[in-house]
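Coordinates from input29.cif are shown below (mmCIF, C-alpha atoms).
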data_target
loop_
_atom_site.label_atom_id
_atom_site.label_comp_id
_atom_site.auth_asym_id
_atom_site.auth_seq_id
_atom_site.Cartn_x
_atom_site.Cartn_y
_atom_site.Cartn_z
CA MET A 109 86.00 96.90 57.11
CA ASN A 110 88.83 98.72 58.88
CA TYR A 111 89.52 102.45 58.92
CA LYS A 112 91.71 102.23 55.79
CA ASP A 113 88.86 100.66 53.84
CA PHE A 114 86.55 103.41 55.01
CA MET A 115 89.06 106.03 53.85
CA LYS A 116 88.78 104.51 50.36
CA THR A 117 85.00 104.80 50.63
CA ILE A 118 85.35 108.50 51.41
CA LYS A 119 87.47 109.01 48.30
CA THR A 120 84.95 107.24 46.06
CA GLU A 121 81.92 108.75 47.86
CA ASN A 122 80.25 105.36 47.54
CA PHE A 123 78.67 105.42 51.00
CA ALA A 124 76.34 102.85 52.50
CA PRO A 125 73.25 104.30 54.22
CA VAL A 126 74.19 103.01 57.71
CA TYR A 127 77.51 102.38 59.50
CA LEU A 128 78.47 101.10 62.92
CA PHE A 129 81.81 102.43 64.13
CA TYR A 130 82.90 99.88 66.72
CA GLY A 131 86.12 99.68 68.76
CA VAL A 132 88.47 101.31 71.24
CA GLU A 133 90.00 103.80 68.81
CA MET A 134 87.05 106.16 68.56
CA PHE A 135 89.51 109.04 68.13
CA ILE A 136 90.18 107.66 64.67
CA GLY A 137 86.43 107.36 64.19
CA GLU A 138 86.08 111.08 64.91
CA LEU A 139 88.71 111.86 62.29
CA LEU A 140 86.86 109.69 59.76
CA ILE A 141 83.61 111.51 60.47
CA ASP A 142 85.34 114.86 59.99
CA ASN A 143 86.58 113.63 56.59
CA VAL A 144 83.08 112.54 55.61
CA ILE A 145 81.70 115.97 56.51
CA ASP A 146 84.44 117.75 54.54
CA LYS A 147 83.83 115.52 51.54
CA MET A 148 80.05 115.41 51.45
CA ILE A 149 78.76 118.71 52.84
CA SER A 150 79.26 122.02 51.06
CA PRO A 151 81.18 124.62 53.10
CA GLY A 152 78.81 126.75 55.15
CA PHE A 153 76.04 124.16 55.06
CA GLU A 154 77.29 122.00 57.94
CA VAL A 155 74.76 123.48 60.35
CA PHE A 156 71.93 122.34 58.05
CA ASN A 157 73.24 118.90 57.08
CA TYR A 158 75.25 117.51 59.99
CA ASN A 159 73.47 116.24 63.08
CA LEU A 160 75.51 115.07 66.09
CA LEU A 161 73.18 113.26 68.48
CA LYS A 162 74.63 112.67 71.94
CA ASP A 163 71.96 113.58 74.51
CA ARG A 164 70.66 110.76 76.68
CA GLU A 165 67.05 111.88 76.19
CA ILE A 166 67.05 111.37 72.40
CA THR A 167 64.56 108.72 71.33
CA ALA A 168 64.71 106.24 68.49
CA LYS A 169 61.83 108.11 66.88
CA GLU A 170 63.84 111.36 66.91
CA ILE A 171 66.80 109.59 65.32
CA VAL A 172 64.59 108.32 62.50
CA GLN A 173 62.95 111.73 62.00
CA THR A 174 66.37 113.36 61.74
CA CYS A 175 67.53 110.79 59.19
CA ASN A 176 64.40 111.33 57.06
CA THR A 177 64.97 115.10 56.86
CA MET A 178 66.15 116.05 53.37
CA PRO A 179 69.57 117.74 53.11
CA LEU A 180 69.78 121.42 52.17
CA GLY A 181 72.32 122.52 49.59
CA SER A 182 74.33 119.26 49.82
CA ALA A 183 74.05 115.77 48.43
CA LYS A 184 73.96 114.07 51.81
CA ARG A 185 72.87 114.57 55.39
CA ILE A 186 75.30 113.13 57.96
CA VAL A 187 73.73 111.86 61.19
CA VAL A 188 76.01 110.60 63.95
CA VAL A 189 74.48 108.81 66.95
CA LYS A 190 77.06 108.79 69.73
CA GLU A 191 77.33 106.02 72.30
CA GLU A 192 76.30 108.54 74.99
CA VAL A 193 72.74 108.43 73.64
CA GLY A 194 72.57 104.93 75.13
CA ILE A 195 70.67 103.43 72.22
CA PHE A 196 72.55 100.13 72.57
CA GLU A 197 71.46 99.81 76.19
CA ARG A 198 67.74 100.04 75.55
CA HIS A 199 65.33 97.15 75.84
CA ALA A 200 62.07 98.81 74.81
CA GLU A 201 60.42 96.98 71.93
CA ALA A 202 59.17 100.31 70.55
CA ASP A 203 62.76 101.55 70.10
CA ILE A 204 63.77 98.33 68.40
CA GLN A 205 60.79 98.38 66.04
CA GLU A 206 61.31 102.07 65.21
CA LEU A 207 64.94 101.56 64.26
CA SER A 208 64.29 98.23 62.55
CA ALA A 209 61.67 99.81 60.28
CA TYR A 210 64.07 102.59 59.27
CA LEU A 211 67.04 100.28 58.75
CA LYS A 212 65.00 98.13 56.37
CA ASP A 213 64.39 101.17 54.16
CA PRO A 214 66.92 103.89 55.05
CA SER A 215 66.89 107.31 53.45
CA PRO A 216 69.20 107.35 50.38
CA SER A 217 70.15 110.97 51.12
CA THR A 218 71.42 110.26 54.65
CA VAL A 219 74.57 108.61 55.98
CA LEU A 220 73.75 107.36 59.48
CA ILE A 221 76.71 106.48 61.74
CA PHE A 222 76.37 104.78 65.13
CA THR A 223 79.43 104.78 67.42
CA LEU A 224 80.15 102.19 70.09
CA VAL A 225 83.38 101.47 71.97
CA LYS A 226 82.14 98.37 73.77
CA GLY A 227 78.74 96.79 73.85
CA ASP A 228 76.79 93.65 74.61
CA LYS A 229 76.49 91.94 71.25
CA ARG A 230 73.85 89.60 72.66
CA ARG A 231 71.28 92.38 73.01
CA LYS A 232 68.53 92.54 70.44
CA ILE A 233 69.04 96.26 69.83
CA TYR A 234 72.69 95.65 68.95
CA GLN A 235 71.85 92.77 66.63
CA THR A 236 69.13 94.84 64.97
CA ILE A 237 71.52 97.70 64.20
CA ALA A 238 74.57 95.56 63.38
CA SER A 239 72.67 93.33 60.95
CA LYS A 240 71.72 96.32 58.78
CA SER A 241 74.94 98.31 59.12
CA VAL A 242 78.38 98.22 57.57
CA LEU A 243 80.75 97.54 60.47
CA VAL A 244 83.86 99.75 60.63
CA GLU A 245 86.25 98.19 63.14
CA LEU A 246 88.30 100.74 65.05
CA ASP A 247 90.89 98.42 66.56
CA LYS A 248 94.29 99.44 67.88
CA LEU A 249 96.80 100.36 65.19
CA ASN A 250 99.63 98.02 64.33
CA GLU A 251 103.25 99.12 64.68
CA ARG A 252 103.57 100.34 61.09
CA ASP A 253 100.35 102.36 61.15
CA LEU A 254 101.15 103.81 64.56
CA THR A 255 104.56 104.95 63.31
CA SER A 256 103.00 106.55 60.23
CA TRP A 257 100.26 108.20 62.28
CA ILE A 258 102.68 109.78 64.77
CA ALA A 259 105.00 110.96 61.99
CA ALA A 260 102.05 112.55 60.16
CA ARG A 261 100.77 114.12 63.37
CA ILE A 262 104.17 115.73 64.01
CA LYS A 263 104.47 116.85 60.38
CA LYS A 264 101.09 118.55 60.72
CA GLU A 265 102.69 120.71 63.43
CA ASN A 266 105.44 121.70 60.94
CA LYS A 267 108.02 119.69 62.83
CA THR A 268 110.14 116.61 62.23
CA ILE A 269 111.34 113.84 64.52
CA GLN A 270 114.58 111.89 64.43
CA ARG A 271 114.06 108.27 63.41
CA VAL A 272 115.63 106.95 66.60
CA ALA A 273 113.56 109.42 68.62
CA LEU A 274 110.39 108.16 66.95
CA LYS A 275 111.25 104.56 67.87
CA LYS A 276 111.98 105.59 71.46
CA LEU A 277 108.73 107.55 71.62
CA ILE A 278 106.73 104.50 70.51
CA HIS A 279 108.55 102.33 73.04
CA HIS A 280 107.98 104.78 75.91
CA LEU A 281 104.28 105.19 75.07
CA ARG A 282 103.73 101.40 75.28
CA TYR A 283 100.68 101.73 73.04
CA LEU A 284 101.35 98.37 71.41
CA GLU A 285 101.76 96.55 74.72
CA ASN A 286 99.18 98.31 76.90
CA LYS A 287 95.56 97.48 76.04
CA GLU A 288 94.34 100.58 77.88
CA MET A 289 96.53 102.99 75.86
CA THR A 290 94.62 104.61 73.00
CA ILE A 291 95.41 107.02 70.18
CA THR A 292 93.72 109.74 72.22
CA ALA A 293 96.41 109.35 74.90
CA VAL A 294 99.12 109.12 72.23
CA ASP A 295 97.87 112.36 70.69
CA ASN A 296 98.07 114.10 74.07
CA GLU A 297 101.66 112.95 74.57
CA VAL A 298 102.66 114.07 71.06
CA GLN A 299 101.12 117.47 71.72
CA GLN A 300 103.17 117.78 74.91
CA LEU A 301 106.31 117.05 72.90
CA VAL A 302 105.38 119.63 70.29
CA ASN A 303 104.71 122.24 72.97
CA TYR A 304 108.00 121.41 74.71
CA VAL A 305 110.23 121.90 71.67
CA GLY A 306 108.57 125.24 70.93
CA ASP A 307 110.24 127.00 68.03
CA GLU A 308 112.68 124.15 67.44
CA GLY A 309 111.88 122.29 64.24
CA GLU A 310 113.09 118.83 65.22
CA ILE A 311 112.14 116.51 68.08
CA THR A 312 115.17 114.68 69.45
CA VAL A 313 115.78 111.62 71.63
CA GLU A 314 116.55 113.96 74.53
CA ASP A 315 113.17 115.66 74.10
CA VAL A 316 111.36 112.31 74.22
CA GLU A 317 113.26 111.18 77.33
CA THR A 318 112.52 114.48 79.06
CA ILE A 319 108.79 114.66 78.37
CA ILE A 320 107.82 110.97 78.33
CA PRO A 321 109.51 109.02 81.13
CA MET A 322 110.74 105.50 80.54
CA GLY A 323 108.03 102.91 81.14
CA ILE A 324 108.25 100.21 83.80
CA GLU A 325 108.97 97.44 81.27
CA GLU A 326 111.99 99.31 79.94
CA ASN A 327 113.15 99.87 83.52
CA ILE A 328 112.75 96.15 84.22
CA PHE A 329 114.77 95.34 81.09
CA LYS A 330 117.53 97.73 82.14
CA MET A 331 117.49 96.40 85.71
CA LEU A 332 117.84 92.81 84.49
CA ASP A 333 120.62 93.72 82.11
CA PHE A 334 122.57 95.38 84.93
CA SER A 335 122.08 92.29 87.11
CA LEU A 336 123.30 89.95 84.38
CA GLN A 337 126.39 92.14 83.94
CA GLY A 338 127.10 92.02 87.67
CA ARG A 339 126.24 95.70 88.15
CA ILE A 340 124.13 94.84 91.19
CA ALA A 341 124.14 98.24 92.90
CA GLU A 342 122.71 99.90 89.78
CA ALA A 343 120.11 97.13 89.38
CA ILE A 344 118.96 97.44 93.00
CA ALA A 345 118.84 101.24 92.70
CA ILE A 346 116.32 100.90 89.86
CA SER A 347 114.23 98.39 91.81
CA ARG A 348 114.09 100.64 94.88
CA GLU A 349 113.15 103.65 92.79
CA LEU A 350 110.31 101.73 91.15
CA MET A 351 108.96 100.57 94.52
CA SER A 352 109.24 104.10 95.92
CA LYS A 353 106.91 105.18 93.11
CA GLY A 354 104.34 102.62 94.16
CA GLU A 355 105.18 99.65 91.94
CA SER A 356 104.18 96.33 93.51
CA PRO A 357 107.05 93.87 94.03
CA PHE A 358 104.71 91.10 92.86
CA GLY A 359 103.99 93.03 89.68
CA MET A 360 107.69 93.68 89.20
CA LEU A 361 108.54 90.00 89.60
CA GLY A 362 105.83 89.15 87.10
CA LEU A 363 107.50 91.45 84.59
CA ILE A 364 110.91 89.96 85.40
CA VAL A 365 109.56 86.46 84.74
CA ARG A 366 107.96 87.63 81.50
CA GLN A 367 111.16 89.33 80.32
CA ILE A 368 113.34 86.30 81.03
CA ARG A 369 110.79 84.12 79.23
CA LEU A 370 110.95 86.45 76.20
CA LEU A 371 114.75 86.33 76.21
CA LEU A 372 114.70 82.54 76.48
CA MET A 373 112.24 82.24 73.59
CA THR A 374 114.28 84.71 71.54
CA LYS A 375 117.48 82.73 72.15
CA LEU A 376 115.80 79.46 71.11
CA LEU A 377 114.41 81.07 67.95
CA LEU A 378 117.81 82.53 67.07
CA LYS A 379 119.36 79.07 67.35
CA GLU A 380 116.75 77.87 64.84
CA GLY A 381 117.70 80.67 62.44
CA ALA A 382 114.45 82.63 62.79
CA THR A 383 114.22 86.09 61.24
CA LEU A 384 113.54 89.18 63.33
CA ALA A 385 109.99 89.35 61.93
CA ASN A 386 109.35 85.74 62.96
CA ILE A 387 110.78 86.36 66.42
CA ALA A 388 108.47 89.36 66.88
CA LYS A 389 105.42 87.38 65.73
CA THR A 390 106.20 84.27 67.80
CA THR A 391 107.01 86.13 71.02
CA GLY A 392 104.11 88.55 70.54
CA VAL A 393 106.06 91.80 70.78
CA PRO A 394 106.59 94.72 68.38
CA GLN A 395 109.55 94.32 66.03
CA PHE A 396 111.62 97.03 67.72
CA VAL A 397 111.23 95.21 71.06
CA ALA A 398 112.20 91.93 69.39
CA GLU A 399 115.35 93.63 68.10
CA LYS A 400 116.23 94.83 71.61
CA ASN A 401 115.72 91.30 72.97
CA ARG A 402 117.79 89.84 70.14
CA ARG A 403 120.71 92.12 71.00
CA ALA A 404 120.38 91.28 74.71
CA CYS A 405 120.73 87.54 74.24
CA ALA A 406 122.83 87.25 71.05
CA ASP A 407 126.16 86.82 72.85
CA ARG A 408 124.85 85.05 75.93
CA PRO A 409 124.51 81.26 76.30
CA LEU A 410 121.15 79.50 76.28
CA SER A 411 121.98 77.90 79.64
CA LEU A 412 122.03 81.35 81.25
CA PHE A 413 118.38 82.02 80.40
CA LEU A 414 117.27 78.50 81.28
CA LYS A 415 118.84 78.70 84.75
CA ASN A 416 117.41 82.15 85.41
CA TYR A 417 113.95 81.15 84.19
CA PHE A 418 113.74 78.26 86.67
CA PHE A 419 115.25 80.46 89.40
CA VAL A 420 112.63 83.23 89.12
CA GLN A 421 109.82 80.67 88.87
CA GLU A 422 110.88 79.24 92.24
CA LEU A 423 111.25 82.73 93.69
CA ASP A 424 107.74 83.60 92.51
CA ILE A 425 106.35 80.67 94.53
CA LYS A 426 108.35 81.66 97.63
CA MET A 427 107.12 85.27 97.48
CA LYS A 428 103.48 84.26 97.03
CA THR A 429 103.58 81.71 99.85
CA GLY A 430 105.40 83.96 102.29
CA GLY A 431 108.68 82.09 102.07
CA ILE A 432 110.43 85.40 101.48
CA GLU A 433 109.32 88.99 102.10
CA ALA A 434 108.04 90.51 98.86
CA GLU A 435 110.21 93.66 98.88
CA LYS A 436 113.34 91.65 99.69
CA GLY A 437 112.46 89.08 97.05
CA ILE A 438 113.25 91.46 94.19
CA GLU A 439 116.66 92.33 95.60
CA TRP A 440 117.30 88.65 96.29
CA ALA A 441 116.55 87.97 92.62
CA LEU A 442 118.98 90.63 91.46
CA LEU A 443 121.69 89.45 93.84
CA ASN A 444 121.38 85.78 92.92
CA MET A 445 120.59 86.01 89.22
CA LYS A 446 122.94 83.84 87.19
CA ARG A 447 125.28 86.21 85.39
CA ASP A 448 127.45 86.38 82.31
CA ARG A 449 130.71 84.55 82.73
#

Translate the structure of the given file into structure tokens.
Amino acid sequence: MNYKDFMKTIKTENFAPVYLFYGVEMFIGELLIDNVIDKMISPGFEVFNYNLLKDREITAKEIVQTCNTMPLGSAKRIVVVKEEVGIFERHAEADIQELSAYLKDPSPSTVLIFTLVKGDKRRKIYQTIASKSVLVELDKLNERDLTSWIAARIKKENKTIQRVALKKLIHHLRYLENKEMTITAVDNEVQQLVNYVGDEGEITVEDVETIIPMGIEENIFKMLDFSLQGRIAEAIAISRELMSKGESPFGMLGLIVRQIRLLLMTKLLLKEGATLANIAKTTGVPQFVAEKNRRACADRPLSLFLKNYFFVQELDIKMKTGGIEAEKGIEWALLNMKRDR
């Protein structure tokens, strides 16, 4: 199940005896656990009925003993075994047998939750736990859920955010494009925004642009657009600024190739009459990025993107084989990019 399914379980209180929270978005897992505690443990009795196990020295036997302890003044005991315990890394047969015996006949008065961001699914200990647990997948949020989550997070701070500012915030965060970006990092950025606006009730586009700088992909998009318009000096200024901040010219060219490929694909899909949703799905980008790409190529000919795609592919080979100096290669691309006529 996903986190939404588990939220429904919390509402119905129809809990399974054992869960495995698995995935990169453990921040959401922590919120789910907090909701379980609020729902199932009487106020003031948390210290008696909630056990957070995170010490490396904790044994499988201690986990089982904790789970078999009857709750006091509440219907359920909540036991959370954090990844830091290292239970999924253990090979000892005694640990496996201890947990296996409990998982075959778990205490009906305990909800046991294991957490794991990444793990070796081939290990026997993992298979033992996973086979007897309900898996709650904590994958990255999709665009719609991310938008809702950020809006709710800002509302919780008694503030609002302009719709266009929210879209720009999501774009600048690059959560949907960057595999390493998690909700934990998003939450930190949102908190910075909230702190920045202070007593002001609304977060604006200007606030977002001030606190969360434009990401490299947006800079690459802007640089390309300037080049295609013939605004070469402005395009080169962006490229030099990026390299001064440590960006690799090879990485930049890779992003240029990717962006031109996306524009080419978008143009071809538009000629076929594809909807914006289909363009986003086919090109593998969020819908707001697909809309930006659609606007960028709507009034430009297909031949423009075809010529530029082959041009940057050849340049990529020259840069990698030493045919042109890497730093100069980016400026050469911007100078010689086929432009709007």

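From CA of Ala406 (chain A) back to CA of Gly362 (chain A), the distance works out to 23.5 Å.
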
For this session: Just say which residues the PyMOL selection byres ((chain A and resi 405) around 12) picks in this file, as a VMD selection string.
Result: chain A and resid 329 332 to 333 336 367 to 379 398 to 404 406 to 414 448

Exercise. Rounded to one decimal in Å, what is the spacing between CA of Asp203 (chain A) and CA of Glu245 (chain A)?
Worked result: 24.7 Å

Problem set entry | Selection: 8 Å around Arg164 (chain A), all atoms listed in the file, excl. self and same-chain fewer than 6 positions, as a list of chain:residue names |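 The contact residues come out as A:Glu192, A:Val193, A:Gly194.
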
Problem set entry | Selection near region 148-158 of chain A, 7 Å with all atoms listed in the file, sequence-local residues under 6 positions removed, as a count of residues only | 9

Exercise. What does the distance from CA of Lys248 (chain A) to CA of Met109 (chain A) come to in Å, to one decimal?
Worked result: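 Those two atoms sit 13.8 Å apart.
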
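Among the candidate residues A:Ser217, A:Thr236, A:Thr390, A:Asn176, the one lying nearest to Leu128 (chain A) is A:Thr236, with distances computed using only C-alpha atoms.
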
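Using all atoms listed in the file, the nearest neighbour of Ala273 (chain A) within the list A:Ile171, A:Ile311, A:Val219, A:Ala124 is A:Ile311.
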
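When only C-alpha atoms are used to measure the gap to Val420 (chain A), the shortest distance among A:Ile278, A:Leu301, A:Met445, A:Met115 belongs to A:Met445.
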
For this session: Would you kindly translate the PyMOL selection byres ((chain A and resi 444) around 12) into the concrete residues it picks from this file, as a list in words?
Result: Leu332, Ser335, Leu336, Gly338, Ile340, Ala343, Ile344, Lys415, Asn416, Phe419, Val420, Leu423, Gly437, Ile438, Glu439, Trp440, Ala441, Leu442, Leu443, Met445, Lys446 and Arg447 of chain A

For this session: Give as number ranges by chain the residues that the PyMOL selection byres ((chain A and resi 136) around 10) matches when applied to the coordinates above.
Result: A: 111, 129, 131-135, 137-142, 246-249, 290-292
